[in-house]
Amino acid sequence: MTAPAPPAGVGDEAPVVVAYVALGANLGDALAAVGAAFDAIAALPGTDVSKRSALYRTAPVDSSGPDYVNAVAEVHTALPALDLLRQLQAIEAGAGRTRPWPNAPRTLDLDLLLYGTAQIALPELQVPHPRMGDRAFVLVPLAEIAPSLVPAQALAAVAGQAIEKLPQRPF
């Protein structure tokens with residue numbers, strides 16, 4: 001198996017890592033926010049969105065407000081994990097994300113789920129994402145684009161959580 005080609009604008013000196021990002025929104029025009037976030041992630045330096053899951057509707061988990069629109073993106077990036085996280089947080093801020101309390105409804109939520117095979121335990125970043133295995137809104141779209149990363153027993157464990165695949169939208 002060959003390594004993915006570096007994203008546009010990245011020289012040979014930058015190693016490329018395959019990472020997975022969860023996208024979600026439940027305030028404002030959530031569909032548009034998730035679509036714009038896919039584009040914003042693809043525009044990050046040294047980063048290419050190589051796969052996009054379908055969009056899914058889910059009820060809030062440990063949160064409140066309207067249903068969420070969720071998806072997962074596979075990205076090839078030369079950004080170090082913390083830089084990628086900061087860029088994702090900047091995209092959230094640009095979409096009007098505020099953090100008034102934990103798990104508050106959001107205009108946009110971007111979570112770094114996996115960063116290659118890295119195990120990262122920092123105050124500001126934990127990879128793999130510590131709650132991804134508990135959430136159908138992460139595992140179902142992740143399994144769609146990277147089935148080898150989601151064991152059948154993980155999907156079975158979240159089978160009781162309601163999740164609805166939305167009709168395809170041209171992003």
# chains A, B, ... in the order shown; residues from 1 in each chain; ligands from 1
>>> residues_around(residues="stretch 123-138 of chain A", least_positions_apart="4", cutoff="10 Å", atoms="only C-alpha atoms", output="JSON, numbers by chain")
{"A": [20, 21, 22, 23, 24, 55, 56, 57, 58, 59, 60, 61, 68, 69, 70, 71, 72, 81, 82, 85, 86, 111, 112, 113, 114, 115, 116, 117, 118, 119, 142, 143, 150, 154, 155, 156, 157, 158, 159, 160, 161, 162, 163, 164]}
>>> select_by_dssp(residues="stretch 82-168 of chain A", states="strand (DSSP E or B)", output="mmCIF file with N, CA, C and O atoms, in the first residue's frame")
data_model
loop_
_atom_site.group_PDB
_atom_site.id
_atom_site.type_symbol
_atom_site.label_atom_id
_atom_site.label_comp_id
_atom_site.auth_asym_id
_atom_site.auth_seq_id
_atom_site.Cartn_x
_atom_site.Cartn_y
_atom_site.Cartn_z
ATOM 1 N N ASP A 109 -19.727 22.172 15.336
ATOM 2 C CA ASP A 109 -18.852 21.416 16.221
ATOM 3 C C ASP A 109 -17.952 20.558 15.351
ATOM 4 O O ASP A 109 -18.443 19.796 14.517
ATOM 5 N N LEU A 110 -16.649 20.711 15.505
ATOM 6 C CA LEU A 110 -15.671 19.923 14.761
ATOM 7 C C LEU A 110 -14.774 19.220 15.772
ATOM 8 O O LEU A 110 -14.101 19.877 16.563
ATOM 9 N N ASP A 111 -14.789 17.893 15.733
ATOM 10 C CA ASP A 111 -13.976 17.104 16.656
ATOM 11 C C ASP A 111 -12.960 16.291 15.893
ATOM 12 O O ASP A 111 -13.316 15.570 14.944
ATOM 13 N N LEU A 112 -11.709 16.368 16.317
ATOM 14 C CA LEU A 112 -10.656 15.526 15.763
ATOM 15 C C LEU A 112 -10.784 14.156 16.415
ATOM 16 O O LEU A 112 -10.555 13.999 17.610
ATOM 17 N N LEU A 113 -11.216 13.178 15.624
ATOM 18 C CA LEU A 113 -11.470 11.838 16.136
ATOM 19 C C LEU A 113 -10.205 10.993 16.186
ATOM 20 O O LEU A 113 -9.896 10.369 17.198
ATOM 21 N N LEU A 114 -9.518 10.944 15.053
ATOM 22 C CA LEU A 114 -8.315 10.123 14.896
ATOM 23 C C LEU A 114 -7.290 10.932 14.122
ATOM 24 O O LEU A 114 -7.644 11.696 13.216
ATOM 25 N N TYR A 115 -6.041 10.728 14.462
ATOM 26 C CA TYR A 115 -4.931 11.391 13.777
ATOM 27 C C TYR A 115 -3.896 10.312 13.490
ATOM 28 O O TYR A 115 -3.062 9.999 14.342
ATOM 29 N N ILE A 120 -2.829 10.542 21.673
ATOM 30 C CA ILE A 120 -2.482 11.858 22.200
ATOM 31 C C ILE A 120 -3.293 12.105 23.462
ATOM 32 O O ILE A 120 -4.520 11.960 23.443
ATOM 33 N N ALA A 121 -2.613 12.471 24.533
ATOM 34 C CA ALA A 121 -3.288 12.766 25.803
ATOM 35 C C ALA A 121 -2.751 14.079 26.335
ATOM 36 O O ALA A 121 -1.791 14.113 27.103
ATOM 37 N N LEU A 122 -3.354 15.154 25.887
ATOM 38 C CA LEU A 122 -3.002 16.494 26.322
ATOM 39 C C LEU A 122 -4.251 17.143 26.909
ATOM 40 O O LEU A 122 -5.365 16.734 26.579
ATOM 41 N N LEU A 125 -6.305 18.220 23.910
ATOM 42 C CA LEU A 125 -6.558 17.275 22.822
ATOM 43 C C LEU A 125 -6.326 15.846 23.285
ATOM 44 O O LEU A 125 -5.249 15.526 23.793
ATOM 45 N N GLN A 126 -7.350 15.026 23.072
ATOM 46 C CA GLN A 126 -7.225 13.590 23.304
ATOM 47 C C GLN A 126 -7.609 12.872 22.021
ATOM 48 O O GLN A 126 -8.692 13.088 21.476
ATOM 49 N N VAL A 127 -6.692 12.039 21.548
ATOM 50 C CA VAL A 127 -6.899 11.255 20.336
ATOM 51 C C VAL A 127 -6.466 9.831 20.641
ATOM 52 O O VAL A 127 -5.377 9.659 21.204
ATOM 53 N N ILE A 163 -30.623 7.396 14.545
ATOM 54 C CA ILE A 163 -29.828 8.126 13.560
ATOM 55 C C ILE A 163 -30.475 7.913 12.198
ATOM 56 O O ILE A 163 -30.884 6.800 11.867
ATOM 57 N N GLU A 164 -30.616 8.996 11.451
ATOM 58 C CA GLU A 164 -31.294 8.944 10.153
ATOM 59 C C GLU A 164 -30.386 9.529 9.081
ATOM 60 O O GLU A 164 -29.941 10.680 9.182
ATOM 61 N N LYS A 165 -30.123 8.738 8.053
ATOM 62 C CA LYS A 165 -29.334 9.225 6.920
ATOM 63 C C LYS A 165 -30.199 10.181 6.108
ATOM 64 O O LYS A 165 -31.348 9.871 5.778
#
>>> closest_residue(among="A:Leu166, A:Ile41, A:Ala95, A:Ile145", to="A:Thr107", atoms="only C-alpha atoms")
A:Ala95
>>> select_by_dssp(residues="stretch 3-141 of chain A", states="alpha helix (DSSP H)", output="count of residues only")
33
>>> residues_around(residues="A:Phe38", least_positions_apart="2", cutoff="9 Å", atoms="only C-alpha atoms", output="list in words")
Leu23, Ala33, Val34, Gly35, Ala36, Ala40, Ile41, Ala42, Ala43, Val49, Arg52, Ala73 and Phe171 of chain A
